[in-house]
Amino acid sequence: MIPTAAAGAGIAGAAAVVTAAAGAAGTVVDAGGMAAGGGEHRSLPLSDLDPALTEVSRQVIGCAIEVHKELGPGYPREVYVKALTNMFDEQRLKYSPKHAFTVEAAGKPVGEVHADMYIGDRFCVTLLAEHMDIGTQPRSELRAVLRAADLELGLIINFGERRLKDGLVRVLNPDKLNQMRAEQEEHAGDEHDDDEYEDDDEEYEDDDEYEDDDEYEDEDEDDNKAKG
């Protein structure tokens, strides 16, 4: 296991990398197309999100990076869940596993959805451990959790990838973001325009996240290259 002091230093460095990457990108979501009202969908600048919320997300990503650096891919999902919660405990990050949120329709409860991790009362995380592209289904499921929880931001972490950056997807709740935007404009006395946030997500693209991209390259790949 990673000693607490070393882990803390590693997480701080990982968080700094995520911060730099986000700053370079300039947006959380690059949205395109036309909104229902005829206006263009609006990209979401990082400044539109609560800095405290983005800081929590960076702490979570930092912890996940440290877990993945130590374990690599290939273990059952439960192994990564336990390692990640141990890291959260060491970093004194508040979390609730398998947290339930009530789903309502027409103002009445109709069921529940569960977040794998509910972090700091602000942020939901879905945890996977499969070598696969993160498709529509897990994104839609997390977005449904965000809507039930009335939260604006969530994260999918897939520990099954050789490079963790290939398994990180940030998911937004456009309903909450548009509501917050309307409230801010009403408070500021501004007229509401036709731009809206849409159901778009962001995959992390930071090539500097790992110094060695071949850290988890297995022997089978090496053998195939040698035969070729």
# chains A, B, ... in the order shown; residues from 1 in each chain; ligands from 1
>>> residues_around(residues="A:Ser96", least_positions_apart="6", cutoff="9 Å", atoms="only C-alpha atoms", output="short mmCIF file (atom, residue, chain, number, x, y, z; two decimals) with N, CA, C and O atoms, in the first residue's frame")
data_model
loop_
_atom_site.label_atom_id
_atom_site.label_comp_id
_atom_site.auth_asym_id
_atom_site.auth_seq_id
_atom_site.Cartn_x
_atom_site.Cartn_y
_atom_site.Cartn_z
N ALA A 115 -26.08 5.77 -6.26
CA ALA A 115 -24.75 6.20 -6.70
C ALA A 115 -23.71 5.28 -6.07
O ALA A 115 -23.80 4.98 -4.87
N ASP A 116 -22.74 4.83 -6.86
CA ASP A 116 -21.68 4.00 -6.30
C ASP A 116 -20.98 4.74 -5.16
O ASP A 116 -20.67 4.16 -4.12
N MET A 117 -20.71 6.03 -5.38
CA MET A 117 -20.11 6.88 -4.36
C MET A 117 -20.77 8.27 -4.42
O MET A 117 -20.92 8.83 -5.50
N TYR A 118 -21.16 8.76 -3.26
CA TYR A 118 -21.69 10.12 -3.14
C TYR A 118 -20.65 10.89 -2.33
O TYR A 118 -20.44 10.62 -1.15
N ILE A 119 -19.99 11.84 -2.97
CA ILE A 119 -18.82 12.48 -2.40
C ILE A 119 -19.14 13.90 -1.92
O ILE A 119 -19.62 14.73 -2.70
N GLY A 120 -18.87 14.14 -0.65
CA GLY A 120 -18.97 15.49 -0.10
C GLY A 120 -20.33 16.13 -0.25
O GLY A 120 -20.44 17.36 -0.29
N ASP A 121 -21.38 15.33 -0.37
CA ASP A 121 -22.75 15.85 -0.53
C ASP A 121 -22.90 16.71 -1.78
O ASP A 121 -23.83 17.52 -1.87
#
>>> select_by_dssp(residues="stretch 36-206 of chain A", states="strand (DSSP E)", output="MDAnalysis selection string")
chainID A and resid 44:45 95:105 108:119 123:128 153:158 168:172 202:203
>>> closest_atom_pairs(of="stretch 91-205 of chain A", to="stretch 46-66 of chain A", cutoff="8 Å", atoms="only C-alpha atoms", output="Markdown table")
| residue | atom | partner | partner_atom | distance |
| --- | --- | --- | --- | --- |
| A:Ile119 | CA | A:Val56 | CA | 7.7 |
| A:Gly120 | CA | A:Val56 | CA | 7.4 |
| A:Arg122 | CA | A:Leu53 | CA | 6.7 |
| A:Phe123 | CA | A:Leu53 | CA | 7.3 |
| A:Leu155 | CA | A:Ser57 | CA | 7.8 |
| A:Ile157 | CA | A:Ala64 | CA | 7.8 |
| A:Leu164 | CA | A:Ile65 | CA | 6.8 |
>>> select_by_dssp(residues="stretch 79-182 of chain A", states="helix (DSSP H, G or I)", output="JSON, numbers by chain")
{"A": [79, 80, 81, 82, 83, 84, 85, 86, 87, 88, 89, 90, 136, 137, 138, 139, 140, 141, 142, 143, 144, 145, 146, 147, 148, 149, 164, 165, 166, 167, 174, 175, 176, 177, 178, 179, 180, 181, 182]}
>>> closest_residue(among="A:Lys82, A:Arg162, A:Arg170, A:Lys176", to="A:Arg139", atoms="only C-alpha atoms")
A:Arg170
>>> decode(residues="stretch 162-173 of chain A", atoms="N, CA, C and O atoms", output="compact mmCIF listing (two decimals), in the first residue's frame")
# COMPACT_ATOMS: atom_id res chain seq x y z
N ARG A 162 -5.87 0.34 -19.35
CA ARG A 162 -4.43 0.34 -19.06
C ARG A 162 -3.97 1.72 -18.62
O ARG A 162 -3.12 1.86 -17.75
N ARG A 163 -4.55 2.76 -19.23
CA ARG A 163 -4.30 4.14 -18.81
C ARG A 163 -5.60 4.68 -18.23
O ARG A 163 -6.62 4.70 -18.91
N LEU A 164 -5.57 5.13 -17.00
CA LEU A 164 -6.80 5.55 -16.35
C LEU A 164 -7.46 6.71 -17.07
O LEU A 164 -8.68 6.84 -17.08
N LYS A 165 -6.66 7.56 -17.71
CA LYS A 165 -7.24 8.72 -18.40
C LYS A 165 -8.21 8.27 -19.49
O LYS A 165 -9.12 9.01 -19.85
N ASP A 166 -8.05 7.03 -20.02
CA ASP A 166 -8.96 6.51 -21.02
C ASP A 166 -10.27 6.04 -20.41
O ASP A 166 -11.21 5.71 -21.15
N GLY A 167 -10.32 5.99 -19.09
CA GLY A 167 -11.53 5.52 -18.40
C GLY A 167 -12.17 6.58 -17.52
O GLY A 167 -12.91 6.24 -16.60
N LEU A 168 -11.89 7.85 -17.79
CA LEU A 168 -12.48 8.95 -17.02
C LEU A 168 -13.43 9.74 -17.90
O LEU A 168 -13.04 10.25 -18.94
N VAL A 169 -14.68 9.84 -17.49
CA VAL A 169 -15.67 10.63 -18.20
C VAL A 169 -16.46 11.46 -17.20
O VAL A 169 -17.02 10.92 -16.24
N ARG A 170 -16.48 12.76 -17.43
CA ARG A 170 -17.25 13.66 -16.58
C ARG A 170 -18.65 13.83 -17.19
O ARG A 170 -18.79 14.09 -18.37
N VAL A 171 -19.69 13.66 -16.37
CA VAL A 171 -21.08 13.70 -16.82
C VAL A 171 -21.78 14.88 -16.16
O VAL A 171 -21.63 15.10 -14.96
N LEU A 172 -22.55 15.60 -16.96
CA LEU A 172 -23.26 16.78 -16.47
C LEU A 172 -24.77 16.55 -16.46
O LEU A 172 -25.30 15.76 -17.24
N ASN A 173 -25.44 17.27 -15.58
CA ASN A 173 -26.90 17.30 -15.52
C ASN A 173 -27.37 18.62 -16.11
O ASN A 173 -27.36 19.64 -15.43
